[in-house]
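File shown: work20.txt. Contents: compact mmCIF, C-alpha atoms.
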# COMPACT_ATOMS: atom_id res chain seq x y z
CA MET A 17 1.97 -43.04 3.30
CA GLU A 18 4.22 -43.25 0.28
CA LYS A 19 1.42 -41.75 -1.84
CA PHE A 20 1.30 -38.68 0.41
CA ILE A 21 5.02 -38.15 0.07
CA TRP A 22 4.88 -38.33 -3.72
CA ALA A 23 1.85 -36.02 -3.78
CA PHE A 24 3.86 -33.52 -1.75
CA VAL A 25 6.97 -33.87 -3.88
CA ILE A 26 5.23 -33.64 -7.27
CA GLY A 27 2.71 -30.96 -6.21
CA GLY A 28 5.45 -28.97 -4.53
CA GLY A 29 7.71 -29.48 -7.54
CA ILE A 30 5.11 -27.97 -9.86
CA CYS A 31 4.84 -24.96 -7.52
CA VAL A 32 8.63 -24.62 -7.53
CA ILE A 33 8.56 -24.52 -11.34
CA GLY A 34 5.90 -21.76 -11.15
CA GLN A 35 7.99 -19.81 -8.66
CA ILE A 36 11.09 -20.12 -10.87
CA LEU A 37 9.08 -18.90 -13.87
CA MET A 38 8.08 -15.80 -11.87
CA ASP A 39 11.36 -15.06 -10.08
CA GLY A 40 13.92 -16.38 -12.54
CA PHE A 41 12.28 -15.74 -15.87
CA ARG A 42 10.35 -12.63 -14.76
CA LEU A 43 7.03 -14.01 -16.01
CA THR A 44 3.91 -12.25 -14.74
CA PRO A 45 1.54 -14.32 -12.53
CA ALA A 46 -0.88 -14.58 -15.47
CA HIS A 47 1.84 -15.76 -17.85
CA THR A 48 3.05 -18.27 -15.27
CA MET A 49 -0.44 -19.68 -14.91
CA THR A 50 -1.06 -19.99 -18.64
CA SER A 51 2.37 -21.56 -19.15
CA LEU A 52 1.51 -24.26 -16.62
CA VAL A 53 -1.91 -24.82 -18.22
CA VAL A 54 -0.33 -25.21 -21.66
CA ALA A 55 2.35 -27.51 -20.23
CA GLY A 56 -0.41 -29.66 -18.68
CA ALA A 57 -2.26 -29.84 -22.02
CA VAL A 58 0.93 -30.80 -23.86
CA LEU A 59 1.79 -33.49 -21.30
CA GLY A 60 -1.82 -34.71 -21.54
CA GLY A 61 -1.50 -34.90 -25.31
CA MET A 62 1.65 -36.96 -24.95
CA GLY A 63 -0.23 -39.29 -22.63
CA LEU A 64 1.97 -38.44 -19.66
CA TYR A 65 -0.32 -36.49 -17.36
CA ASP A 66 -2.79 -39.26 -16.40
CA PRO A 67 0.03 -41.60 -15.32
CA LEU A 68 1.39 -38.67 -13.25
CA ILE A 69 -1.98 -38.30 -11.51
CA LYS A 70 -2.07 -42.03 -10.87
CA PHE A 71 1.38 -41.79 -9.35
CA ALA A 72 1.09 -38.59 -7.32
CA GLY A 73 -2.69 -38.22 -6.78
CA ALA A 74 -3.69 -34.75 -5.66
CA GLY A 75 -0.08 -33.64 -6.11
CA ALA A 76 -0.76 -33.67 -9.85
CA SER A 77 -4.54 -33.20 -10.01
CA VAL A 78 -4.76 -30.04 -7.87
CA PRO A 79 -2.15 -27.77 -9.56
CA ILE A 80 -3.30 -25.73 -12.56
CA CYS A 81 -1.56 -27.99 -15.13
CA SER A 82 -4.25 -30.53 -14.41
CA PHE A 83 -6.67 -28.00 -15.85
CA GLY A 84 -4.69 -28.05 -19.12
CA ASN A 85 -4.82 -31.84 -19.12
CA SER A 86 -8.60 -31.70 -18.64
CA LEU A 87 -8.96 -29.21 -21.50
CA PHE A 88 -7.17 -31.66 -23.75
CA LYS A 89 -9.14 -34.67 -22.54
CA GLY A 90 -12.50 -32.92 -23.01
CA ALA A 91 -11.57 -31.89 -26.53
CA MET A 92 -10.45 -35.43 -27.47
CA MET A 93 -13.57 -36.98 -25.98
CA GLU A 94 -15.86 -34.87 -28.15
CA TYR A 95 -13.54 -35.30 -31.13
CA GLU A 96 -14.10 -39.02 -31.04
CA LEU A 97 -17.89 -38.50 -31.00
CA HIS A 98 -18.32 -35.57 -33.40
CA GLY A 99 -15.11 -35.19 -35.33
CA ILE A 100 -13.12 -31.98 -35.65
CA ILE A 101 -15.95 -29.71 -34.41
CA GLY A 102 -15.86 -31.72 -31.19
CA VAL A 103 -12.49 -30.16 -30.38
CA LEU A 104 -14.27 -26.83 -30.03
CA THR A 105 -17.38 -28.09 -28.26
CA GLY A 106 -15.46 -30.41 -25.97
CA ILE A 107 -12.65 -28.20 -24.74
CA PHE A 108 -14.63 -27.03 -21.70
CA GLU A 109 -16.56 -30.31 -21.31
CA ILE A 110 -14.70 -31.50 -18.22
CA THR A 111 -13.59 -28.12 -16.97
CA SER A 112 -16.91 -26.29 -17.19
CA ALA A 113 -17.70 -26.97 -13.54
CA GLY A 114 -14.47 -25.25 -12.46
CA ILE A 115 -14.91 -22.29 -14.77
CA SER A 116 -18.58 -21.77 -13.89
CA ALA A 117 -17.82 -22.05 -10.19
CA ALA A 118 -15.04 -19.43 -10.52
CA ILE A 119 -17.35 -17.00 -12.32
CA ILE A 120 -20.39 -17.52 -10.09
CA PHE A 121 -18.55 -17.48 -6.75
CA GLY A 122 -16.40 -14.59 -7.92
CA PHE A 123 -19.52 -12.65 -8.77
CA ILE A 124 -21.18 -13.42 -5.43
CA ALA A 125 -18.02 -12.48 -3.51
CA SER A 126 -17.82 -9.17 -5.37
CA LEU A 127 -21.39 -8.38 -4.31
CA ILE A 128 -20.82 -9.15 -0.65
CA PHE A 129 -17.25 -8.10 0.07
CA LYS A 130 -15.22 -4.96 -0.34
CA SER A 131 -11.50 -4.96 -1.10
CA LYS A 132 -9.30 -4.33 1.91
CA GLY A 133 -6.60 -2.79 -0.27
CA MET B 29 16.84 33.45 -12.32
CA LEU B 30 18.53 30.71 -14.30
CA LYS B 31 21.82 29.59 -12.90
CA GLY B 32 24.01 27.16 -14.76
CA HIS B 33 22.23 24.86 -17.13
CA GLN B 34 19.01 23.77 -15.43
CA THR B 35 18.69 25.39 -12.01
CA TRP B 36 16.44 28.21 -10.94
CA VAL B 37 17.58 30.42 -8.09
CA PHE B 38 14.69 32.21 -6.42
CA GLU B 39 16.06 35.60 -5.40
CA SER B 40 13.01 36.53 -3.33
CA LYS B 41 13.08 33.17 -1.50
CA PRO B 42 9.34 32.31 -1.56
CA THR B 43 8.11 31.21 1.87
CA ILE B 44 6.24 28.01 2.69
CA ILE B 45 3.83 29.67 5.12
CA ALA B 46 1.94 26.46 5.86
CA SER B 47 2.13 22.81 4.91
CA SER B 48 0.19 19.67 5.67
CA ALA B 49 0.45 15.90 5.47
CA VAL B 50 -2.47 13.49 5.49
CA GLY B 51 -2.11 9.71 5.66
CA GLY B 52 -3.93 6.42 6.01
CA PRO B 53 -3.76 3.55 8.54
CA LYS B 54 -0.37 2.22 7.41
CA GLU B 55 1.13 5.71 7.70
CA ALA B 56 -0.49 6.05 11.14
CA ALA B 57 1.35 2.92 12.26
CA GLY B 58 4.58 4.15 10.67
CA ALA B 59 7.68 5.85 11.95
CA LEU B 60 6.58 9.43 11.21
CA ALA B 61 2.98 9.29 12.43
CA GLU B 62 3.50 12.36 14.63
CA ASP B 63 4.34 14.51 11.63
CA PHE B 64 0.98 13.96 9.97
CA ASP B 65 -1.79 16.50 10.48
CA VAL B 66 -4.60 14.05 9.79
CA LEU B 67 -4.45 10.25 9.89
CA HIS B 68 -7.37 8.18 8.66
CA SER B 69 -8.07 4.69 9.93
CA ASP B 70 -9.66 3.58 6.67
CA ILE B 71 -8.26 3.71 3.13
CA TRP B 72 -11.76 4.09 1.66
CA LEU B 73 -12.57 7.32 3.50
CA GLY B 74 -16.26 6.50 3.11
CA GLN B 75 -15.98 6.65 -0.68
CA ASP B 76 -16.98 3.90 -3.08
CA SER B 77 -13.71 3.75 -5.01
CA PHE B 78 -10.03 4.07 -4.16
CA GLU B 79 -9.64 6.87 -6.71
CA LYS B 80 -12.35 8.90 -5.00
CA ALA B 81 -10.67 8.19 -1.66
CA GLU B 82 -7.39 9.54 -3.03
CA ARG B 83 -9.14 12.73 -4.10
CA LYS B 84 -10.48 13.04 -0.56
CA PHE B 85 -6.98 12.65 0.90
CA LEU B 86 -5.82 15.41 -1.42
CA GLU B 87 -8.73 17.71 -0.56
CA ASP B 88 -8.04 17.10 3.14
CA ALA B 89 -4.37 18.04 2.74
CA CYS B 90 -5.21 21.22 0.81
CA GLU B 91 -7.85 22.32 3.29
CA LYS B 92 -5.55 21.63 6.21
CA ALA B 93 -2.67 23.65 4.71
CA ILE B 94 -4.98 26.58 3.96
CA GLU B 95 -6.49 26.40 7.45
CA LYS B 96 -3.04 26.37 9.10
CA SER B 97 -1.98 29.44 7.11
CA GLY B 98 -4.90 31.46 8.45
CA TYR B 99 -5.90 32.49 4.95
CA LYS B 100 -9.07 31.61 3.07
CA LYS B 101 -9.03 29.68 -0.16
CA GLU B 102 -10.18 32.82 -1.98
CA ASP B 103 -6.82 34.38 -1.05
CA ILE B 104 -4.90 31.75 -3.01
CA GLN B 105 -4.44 32.49 -6.68
CA PHE B 106 -3.25 29.19 -8.07
CA PHE B 107 -3.34 25.50 -7.25
CA LEU B 108 -0.72 23.13 -8.70
CA SER B 109 -1.22 19.45 -8.12
CA GLY B 110 -0.24 16.04 -9.43
CA ASP B 111 -0.80 12.34 -8.75
CA LEU B 112 -0.38 8.94 -10.39
CA ILE B 113 -3.87 8.11 -11.58
CA ASN B 114 -4.76 8.25 -15.29
CA GLN B 115 -5.22 11.83 -16.44
CA ILE B 116 -4.43 12.94 -12.84
CA VAL B 117 -8.13 12.92 -11.95
CA PRO B 118 -7.68 13.12 -8.16
CA SER B 119 -5.85 16.43 -8.65
CA SER B 120 -8.24 17.85 -11.22
CA PHE B 121 -11.33 16.77 -9.29
CA ALA B 122 -9.91 18.19 -6.05
CA ALA B 123 -9.34 21.44 -7.98
CA ARG B 124 -13.02 21.36 -8.92
CA THR B 125 -13.90 21.20 -5.22
CA LEU B 126 -11.40 23.89 -4.20
CA GLY B 127 -12.37 26.33 -6.96
CA ILE B 128 -8.83 27.78 -7.12
CA PRO B 129 -7.42 28.38 -10.64
CA TYR B 130 -5.54 25.21 -11.39
CA LEU B 131 -2.62 23.80 -13.33
CA GLY B 132 -2.22 20.03 -13.29
CA VAL B 133 1.35 18.78 -13.10
CA PHE B 134 2.58 15.33 -13.98
CA GLY B 135 6.01 13.98 -13.20
CA ALA B 136 4.81 10.74 -11.60
CA CYS B 137 6.26 10.65 -8.06
CA SER B 138 8.35 13.74 -8.80
CA SER B 139 5.12 15.75 -9.14
CA SER B 140 5.49 16.91 -5.53
CA MET B 141 8.71 18.83 -6.15
CA GLN B 142 7.68 19.75 -9.69
CA GLY B 143 4.67 21.51 -8.17
CA LEU B 144 6.73 23.18 -5.43
CA ALA B 145 9.37 24.36 -7.93
CA LEU B 146 6.75 25.83 -10.28
CA ALA B 147 4.84 27.43 -7.39
CA SER B 148 8.05 29.07 -6.16
CA MET B 149 8.83 30.29 -9.66
CA MET B 150 5.39 31.86 -9.95
CA ILE B 151 5.89 33.67 -6.64
CA ASP B 152 9.45 34.69 -7.43
CA GLY B 153 8.45 36.01 -10.83
CA GLY B 154 5.69 38.11 -9.32
CA PHE B 155 2.94 36.17 -11.08
CA ALA B 156 1.21 35.32 -7.82
CA THR B 157 1.39 36.04 -4.11
CA LYS B 158 0.00 32.72 -2.84
CA VAL B 159 0.19 29.37 -4.59
CA LEU B 160 -0.82 25.98 -3.23
CA ALA B 161 1.27 23.00 -4.38
CA ALA B 162 0.09 19.48 -3.60
CA ALA B 163 0.51 15.83 -4.54
CA SER B 164 -1.22 12.59 -3.61
CA SER B 165 -1.08 8.83 -4.06
CA HIS B 166 -3.14 5.86 -2.90
CA ASN B 167 -1.74 2.38 -2.45
CA ALA B 168 -4.70 0.37 -3.72
CA ALA B 169 -5.42 2.78 -6.58
CA ALA B 170 -1.77 2.71 -7.70
CA GLU B 171 -1.56 -1.09 -7.46
CA LYS B 172 -4.71 -1.41 -9.54
CA GLN B 173 -3.40 0.93 -12.18
CA PHE B 174 0.24 -0.08 -12.47
CA ARG B 175 0.41 -3.68 -11.28
CA TYR B 176 -2.55 -5.84 -10.15
CA PRO B 177 -5.67 -5.05 -8.16
CA THR B 178 -4.81 -5.96 -4.58
CA GLU B 179 -7.69 -8.48 -4.43
CA TYR B 180 -5.85 -10.54 -7.05
CA GLY B 181 -3.19 -11.33 -4.48
CA ALA B 182 -0.22 -11.38 -6.86
CA GLN B 183 3.17 -12.06 -5.32
CA LYS B 184 5.61 -9.18 -5.11
CA PRO B 185 9.39 -9.50 -5.24
CA PRO B 186 11.50 -7.90 -2.45
CA THR B 187 12.47 -5.04 -4.81
CA ALA B 188 8.83 -3.90 -4.98
CA GLN B 189 7.77 -0.84 -3.02
CA TRP B 190 4.69 0.19 -1.08
CA THR B 191 2.83 3.20 -2.44
CA VAL B 192 1.99 5.67 0.32
CA THR B 193 -1.70 6.38 0.86
CA GLY B 194 -1.98 10.07 1.55
CA ALA B 195 -1.34 13.57 0.34
CA GLY B 196 0.80 16.56 1.14
CA ALA B 197 0.33 20.25 0.41
CA ALA B 198 2.44 23.37 0.78
CA LEU B 199 1.23 26.94 0.60
CA VAL B 200 3.93 29.14 -0.92
CA ALA B 201 3.72 32.90 -0.48
CA ASN B 202 5.73 36.04 -1.20
CA GLU B 203 5.74 37.03 2.46
CA GLY B 204 5.26 35.45 5.88
CA GLN B 205 7.11 33.16 8.27
CA GLY B 206 8.47 29.74 7.52
CA PRO B 207 10.98 27.71 5.56
CA ARG B 208 11.96 29.32 2.26
CA VAL B 209 12.46 27.85 -1.16
CA THR B 210 15.83 29.02 -2.47
CA SER B 211 16.44 27.05 -5.66
CA ALA B 212 15.20 24.22 -7.82
CA THR B 213 16.89 21.97 -10.35
CA ILE B 214 14.75 20.51 -13.10
CA GLY B 215 15.86 17.05 -14.18
CA ARG B 216 16.42 15.41 -17.52
CA VAL B 217 14.57 12.22 -18.41
CA ILE B 218 16.95 9.31 -17.94
CA ASP B 219 16.34 5.74 -19.08
CA LEU B 220 18.92 3.02 -18.55
CA GLY B 221 16.64 0.30 -19.84
CA ILE B 222 14.99 -1.14 -16.73
CA SER B 223 11.50 -2.36 -17.59
CA ASP B 224 10.41 -4.08 -14.36
CA PRO B 225 7.55 -2.19 -12.67
CA PHE B 226 8.45 -4.08 -9.49
CA ASN B 227 11.85 -2.44 -9.39
CA MET B 228 11.11 1.27 -9.74
CA GLY B 229 13.86 2.25 -7.31
CA ALA B 230 16.59 0.89 -9.58
CA ALA B 231 14.95 2.53 -12.61
CA MET B 232 14.73 5.94 -10.91
CA ALA B 233 18.14 6.03 -9.20
CA PRO B 234 20.12 7.24 -12.26
CA ALA B 235 17.65 10.10 -12.79
CA GLY B 236 18.04 11.13 -9.14
CA VAL B 237 21.83 11.04 -9.47
CA ASP B 238 21.75 13.11 -12.67
CA THR B 239 19.69 15.83 -11.01
CA ILE B 240 21.79 15.84 -7.82
CA LYS B 241 24.97 16.26 -9.86
CA ALA B 242 23.37 19.01 -11.96
CA HIS B 243 22.23 20.85 -8.83
CA PHE B 244 25.70 21.01 -7.28
CA ARG B 245 27.35 21.77 -10.62
CA ASP B 246 24.95 24.61 -11.45
CA LEU B 247 25.14 26.21 -8.00
CA ASN B 248 28.81 25.42 -7.57
CA ILE B 249 28.31 24.20 -4.01
CA ASP B 250 29.26 21.05 -2.12
CA PRO B 251 26.84 18.41 -0.69
CA SER B 252 27.99 19.44 2.81
CA TYR B 253 26.05 22.70 2.23
CA TYR B 254 22.90 20.77 3.20
CA ASP B 255 21.86 19.20 6.51
CA ILE B 256 19.79 16.63 4.64
CA ILE B 257 19.72 15.50 1.03
CA ALA B 258 16.67 13.30 0.60
CA THR B 259 15.65 11.45 -2.52
CA GLY B 260 11.91 10.95 -2.99
CA ASP B 261 11.06 7.29 -3.18
CA LEU B 262 14.02 5.25 -4.30
CA GLY B 263 13.60 2.76 -1.47
CA ALA B 264 16.36 0.49 -0.18
CA VAL B 265 17.38 -0.85 -3.59
CA GLY B 266 17.35 2.44 -5.50
CA HIS B 267 18.91 4.49 -2.71
CA ARG B 268 21.89 2.14 -2.54
CA ILE B 269 22.29 2.26 -6.30
CA ALA B 270 22.13 6.07 -6.21
CA GLY B 271 24.78 6.18 -3.47
CA ASP B 272 27.06 3.87 -5.49
CA LEU B 273 26.55 5.87 -8.71
CA LEU B 274 27.39 9.12 -6.91
CA ILE B 275 30.58 7.64 -5.48
CA GLU B 276 31.53 6.37 -8.96
CA ASP B 277 31.08 9.91 -10.23
CA GLY B 278 33.28 11.27 -7.47
CA MET B 279 30.53 12.77 -5.35
CA ASP B 280 30.51 11.15 -1.94
CA ILE B 281 27.54 12.42 0.04
CA PRO B 282 28.04 11.58 3.74
CA LYS B 283 25.74 8.73 4.81
CA GLU B 284 24.29 10.71 7.72
CA ILE B 285 22.88 13.42 5.46
CA PHE B 286 21.87 11.28 2.45
CA THR B 287 18.50 9.68 2.97
CA ASP B 288 15.29 8.74 1.16
CA CYS B 289 11.72 9.75 2.02
CA GLY B 290 10.64 6.20 1.11
CA LEU B 291 12.92 4.76 3.78
CA LEU B 292 11.79 7.08 6.56
CA ILE B 293 8.02 6.86 6.58
CA TYR B 294 7.43 3.25 7.68
CA LYS B 295 8.85 1.08 10.42
CA GLU B 296 10.98 -1.89 9.51
CA GLU B 297 8.46 -4.43 10.75
CA GLN B 298 5.73 -3.05 8.50
CA GLN B 299 6.69 -5.30 5.57
CA VAL B 300 6.81 -2.68 2.84
CA PHE B 301 9.37 -4.58 0.73
CA ALA B 302 12.10 -2.13 -0.37
CA GLY B 303 10.36 0.93 1.13
CA ALA B 304 7.68 3.47 0.33
CA SER B 305 6.89 5.05 -3.02
CA GLY B 306 4.31 7.31 -4.61
CA CYS B 307 3.84 11.06 -4.89
CA ALA B 308 2.72 11.10 -1.28
CA ALA B 309 6.02 9.61 -0.06
CA SER B 310 8.06 12.73 -0.83
CA ALA B 311 5.06 15.04 -0.31
CA THR B 312 4.11 13.85 3.19
CA VAL B 313 7.68 13.34 4.42
CA THR B 314 8.76 16.79 3.14
CA TYR B 315 5.65 18.80 4.00
CA GLY B 316 5.18 16.96 7.29
CA HIS B 317 8.38 15.57 8.78
CA PHE B 318 11.15 17.69 7.23
CA LEU B 319 9.39 21.06 7.41
CA ASN B 320 8.40 20.33 11.02
CA ARG B 321 12.04 19.66 11.83
CA MET B 322 13.01 22.91 10.10
CA ARG B 323 10.43 24.88 12.06
CA LYS B 324 11.80 23.32 15.28
CA GLY B 325 15.27 24.43 14.27
CA GLU B 326 16.68 20.92 13.90
CA LEU B 327 17.39 21.40 10.20
CA LYS B 328 18.49 24.55 8.42
CA LYS B 329 19.01 23.53 4.80
CA ILE B 330 17.49 20.60 2.99
CA LEU B 331 17.47 19.37 -0.58
CA ILE B 332 14.56 17.20 -1.68
CA VAL B 333 15.14 15.24 -4.87
CA ALA B 334 11.78 13.77 -5.84
CA THR B 335 12.13 10.96 -8.34
CA GLY B 336 9.43 9.85 -10.76
CA ALA B 337 9.00 6.84 -13.04
CA LEU B 338 7.32 8.06 -16.20
CA LEU B 339 5.76 4.80 -17.29
CA SER B 340 2.16 4.13 -18.17
CA PRO B 341 0.35 0.79 -17.77
CA MET B 342 0.26 0.68 -21.58
CA SER B 343 3.97 1.38 -22.05
CA TYR B 344 5.15 -1.45 -19.82
CA GLN B 345 2.63 -3.92 -21.20
CA GLN B 346 4.17 -3.11 -24.57
CA LYS B 347 7.53 -3.99 -22.98
CA GLU B 348 8.97 -0.49 -23.09
CA SER B 349 11.61 0.44 -20.55
CA ILE B 350 10.88 2.96 -17.79
CA PRO B 351 12.09 6.53 -18.38
CA CYS B 352 12.56 8.46 -15.14
CA VAL B 353 12.98 12.04 -13.99
CA ALA B 354 13.93 13.80 -10.76
CA HIS B 355 13.43 17.38 -9.64
CA ALA B 356 15.36 18.87 -6.74
CA VAL B 357 14.12 21.70 -4.54
CA SER B 358 16.26 23.41 -1.95
CA ILE B 359 14.50 24.65 1.19
CA GLU B 360 16.26 26.77 3.81
CA MET B 361 15.18 28.16 7.14

What is this structure when it is put down as structure tokens?
Amino acid sequence: MEKFIWAFVIGGGICVIGQILMDGFRLTPAHTMTSLVVAGAVLGGMGLYDPLIKFAGAGASVPICSFGNSLFKGAMMEYELHGIIGVLTGIFEITSAGISAAIIFGFIASLIFKSKG
Amino acid sequence: MLKGHQTWVFESKPTIIASSAVGGPKEAAGALAEDFDVLHSDIWLGQDSFEKAERKFLEDACEKAIEKSGYKKEDIQFFLSGDLINQIVPSSFAARTLGIPYLGVFGACSSSMQGLALASMMIDGGFATKVLAAASSHNAAAEKQFRYPTEYGAQKPPTAQWTVTGAGAALVANEGQGPRVTSATIGRVIDLGISDPFNMGAAMAPAGVDTIKAHFRDLNIDPSYYDIIATGDLGAVGHRIAGDLLIEDGMDIPKEIFTDCGLLIYKEEQQVFAGASGCAASATVTYGHFLNRMRKGELKKILIVATGALLSPMSYQQKESIPCVAHAVSIEM
């Protein structure tokens, strides 16, 4: 039960930060999203994001900053195997499923549905 | 005839012999539905893009106005039209369909009154006997161009406004029955540094105020001369700012005559944020609602101050502020 509460608090907290970036700092939705991704990658690099996931579960793994953390982890994984070039080949290693799914399902949806305006 | 610094007085008082307003489903559910000539239940209008749908709205409005006048389109010498889409293609493409000699006008949402002022000047100067002035906007097309495609689902702050889907047209002639255009004040471009495309009302309010002040200064009359003074699409935020700015400048327009087309068209429960916007806000409310009320005798003298935000998608992405303009047209019965 405690895990659920922390997932709610941490996940909700990340969303609050996003909302403040949009409303308080007048960031566009795209800038807000990229800021959170970069923040996730930086936290991942500092070794802080995985402990956060362990602590808050889906509260930390579902928000977009987790994507930044995964970018970092994929790059480091390949770096250890192939050196500096691995940073480039590995950056989408873990996240490729998410990106491919977004492109493919987005494409299918655009074929089937029409915007309601 | 020029009066004062920036106001034209039309001695011959060109007559609006017919006018029309066409809207979409949101307008049909709104507060002024009865004042529309045609209401469509679908924002696509059977077209495959929102821009093409907007053109169709505009063509509908033009055809309706011509039909109501009893004239044929061959009788009309000139067509003046404006909208918000890049290179005003809905207007130009509608002009292709109509086949009437055409001048495109662009003043963003002030295009409606810019067109009516120029049409009246052409009639008053004897350069034409019948001129059609029109303007259109489309919610989804405007969102796509200026903010985000609606499918993206971006959040909007409460200061944002809802672009009207529709079009309005007025046929101005040198003779006939109907409300008459007596004067027009052309506005200066005013920019107080607002750069938020989700707060157009606040950006446009100073331009509206500047033109209102110029109108009364040039004609040397008092706001009480009019039964209604309506700004175009300032919405709740901008209209309040305009009211405050006018009071600061010592011009207190009574609340009961000072209104905004963008605040009239929808019902409160329709969730349109701060109110309506777009060329079609002032065009449909003026050419539908206000002129209908004039023809019924409820209003004798009105002043429409259509406000326009002269930004482009490029200019605000490059973080430029939003210059604005307002044009006022006086219509009397």

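Taking only C-alpha atoms into account, chain A lies nearest to B:Ala182 out of the set B:Ala308, B:Met232, B:Ile116, B:Ala182.
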
Which residues of chain A come within 10 Å of chain B, and what is each one's closest atom pair and distance in Å (one decimal), counting all atoms listed in the file, sorted by chain and residue number, as a Markdown table?
| residue | atom | partner | partner_atom | distance |
| --- | --- | --- | --- | --- |
| A:Gln35 | CA | B:Gln183 | CA | 9.7 |
| A:Met38 | CA | B:Gln183 | CA | 9.0 |
| A:Asp39 | CA | B:Pro185 | CA | 7.6 |
| A:Arg42 | CA | B:Asp224 | CA | 8.6 |
| A:Thr44 | CA | B:Ala182 | CA | 8.9 |
| A:Pro45 | CA | B:Ala182 | CA | 6.6 |
| A:Ala46 | CA | B:Ala182 | CA | 9.2 |
| A:Lys130 | CA | B:Glu179 | CA | 9.3 |
| A:Ser131 | CA | B:Glu179 | CA | 6.2 |
| A:Lys132 | CA | B:Glu179 | CA | 7.7 |
| A:Gly133 | CA | B:Ala168 | CA | 5.0 |

I want to know what sits within 6 Å of range 68-83 of chain A, based on only C-alpha atoms, with residues of the same chain fewer than 4 positions away left out; could you give that as a PyMOL selection string?
chain A and resi 22-24+26-27+52-53+56

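Counting from CA of Ile257 in chain B, the distance to CA of Met29 in chain B is 22.6 Å.
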
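Distance-wise, CA of Ala145 in chain B and CA of Gly303 in chain B end up 25.1 Å apart.
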
Ser223 in chain B surroundings by only C-alpha atoms, 7 Å radius, close-in-sequence under 2 positions cut, as a ChimeraX atom specification
/B:221,225,344,347-350

What's around Ala156 in chain B at 12 Å? Count all atoms listed in the file, leave out sequence neighbours fewer than 4 positions away in its own chain, and write the answer as a compact mmCIF listing (two decimals) with C-alpha atoms, in the frame of the given file.
# COMPACT_ATOMS: atom_id res chain seq x y z
CA PRO B 42 9.34 32.31 -1.56
CA ASP B 103 -6.82 34.38 -1.05
CA ILE B 104 -4.90 31.75 -3.01
CA GLN B 105 -4.44 32.49 -6.68
CA PHE B 106 -3.25 29.19 -8.07
CA PHE B 107 -3.34 25.50 -7.25
CA PRO B 129 -7.42 28.38 -10.64
CA LEU B 146 6.75 25.83 -10.28
CA ALA B 147 4.84 27.43 -7.39
CA SER B 148 8.05 29.07 -6.16
CA MET B 149 8.83 30.29 -9.66
CA MET B 150 5.39 31.86 -9.95
CA ILE B 151 5.89 33.67 -6.64
CA ASP B 152 9.45 34.69 -7.43
CA LEU B 160 -0.82 25.98 -3.23
CA LEU B 199 1.23 26.94 0.60
CA VAL B 200 3.93 29.14 -0.92
CA ALA B 201 3.72 32.90 -0.48
CA ASN B 202 5.73 36.04 -1.20
CA GLU B 203 5.74 37.03 2.46

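With distances restricted to all atoms listed in the file, B:Phe301 is the closest residue to Val265 in chain B from B:Phe286, B:Tyr294, B:Trp190, B:Phe301.
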
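Taking only C-alpha atoms into account, the residues near (10.5, 13.9, 8.0), no farther than 9 Å, are Leu60, Asp63, Cys289, Leu292, Ile293, Thr312, Val313, Thr314, Tyr315, Gly316, His317, Phe318, Leu319, Asn320 and Arg321 of chain B.
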
Selection above as a file: C-alpha atoms, as a PDB file, in the frame of the given file:
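Output file out-v9.pdb is given in full below:
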ATOM      1  CA  LEU B  60       6.580   9.430  11.210  1.00  0.00           C
ATOM      2  CA  ASP B  63       4.340  14.510  11.630  1.00  0.00           C
ATOM      3  CA  CYS B 289      11.720   9.750   2.020  1.00  0.00           C
ATOM      4  CA  LEU B 292      11.790   7.080   6.560  1.00  0.00           C
ATOM      5  CA  ILE B 293       8.020   6.860   6.580  1.00  0.00           C
ATOM      6  CA  THR B 312       4.110  13.850   3.190  1.00  0.00           C
ATOM      7  CA  VAL B 313       7.680  13.340   4.420  1.00  0.00           C
ATOM      8  CA  THR B 314       8.760  16.790   3.140  1.00  0.00           C
ATOM      9  CA  TYR B 315       5.650  18.800   4.000  1.00  0.00           C
ATOM     10  CA  GLY B 316       5.180  16.960   7.290  1.00  0.00           C
ATOM     11  CA  HIS B 317       8.380  15.570   8.780  1.00  0.00           C
ATOM     12  CA  PHE B 318      11.150  17.690   7.230  1.00  0.00           C
ATOM     13  CA  LEU B 319       9.390  21.060   7.410  1.00  0.00           C
ATOM     14  CA  ASN B 320       8.400  20.330  11.020  1.00  0.00           C
ATOM     15  CA  ARG B 321      12.040  19.660  11.830  1.00  0.00           C
TER      16      ARG B 321
END

I'd like the contact shell of Pro234 in chain B - 12 Å cut-off, all atoms listed in the file, skipping same-chain residues fewer than 5 positions apart - returned as number ranges by chain.
B: 215-222, 228-229, 239-241, 259, 262, 266-274, 276-277, 333, 335-337, 350-354

Which residue is closest to Ser112 in chain A? Choose from A:Gly90, A:Ile21, A:Leu37, A:Gly99 and count only C-alpha atoms.
A:Gly90

Between A:Leu127, A:Leu59, A:Ile36, A:Ile100, which is the closest to Ser86 in chain A once you count only C-alpha atoms?
A:Leu59

Long-range neighbours of range 33-39 of chain B as a PyMOL selection string, 6 Å cut-off, all atoms listed in the file, 2 positions minimum in chain
chain B and resi 29-31+41+152+210-214

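The space separating CA of Phe226 in chain B from CA of Ile30 in chain A comes to 24.1 Å.
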
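Comparing B:Ile330, B:Ala309, B:Val209, B:Val66 by their smallest distance to Ala163 in chain B, the closest is B:Ala309 (using all atoms listed in the file).
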
Using only C-alpha atoms, list the residues that have an atom at most 8 Å from (0.0, 23.9, -13.3), coordinates as in the file, as a compact mmCIF listing (two decimals) with C-alpha atoms, in the frame of the given file.
# COMPACT_ATOMS: atom_id res chain seq x y z
CA PHE B 107 -3.34 25.50 -7.25
CA LEU B 108 -0.72 23.13 -8.70
CA SER B 109 -1.22 19.45 -8.12
CA TYR B 130 -5.54 25.21 -11.39
CA LEU B 131 -2.62 23.80 -13.33
CA GLY B 132 -2.22 20.03 -13.29
CA VAL B 133 1.35 18.78 -13.10
CA GLY B 143 4.67 21.51 -8.17
CA LEU B 146 6.75 25.83 -10.28
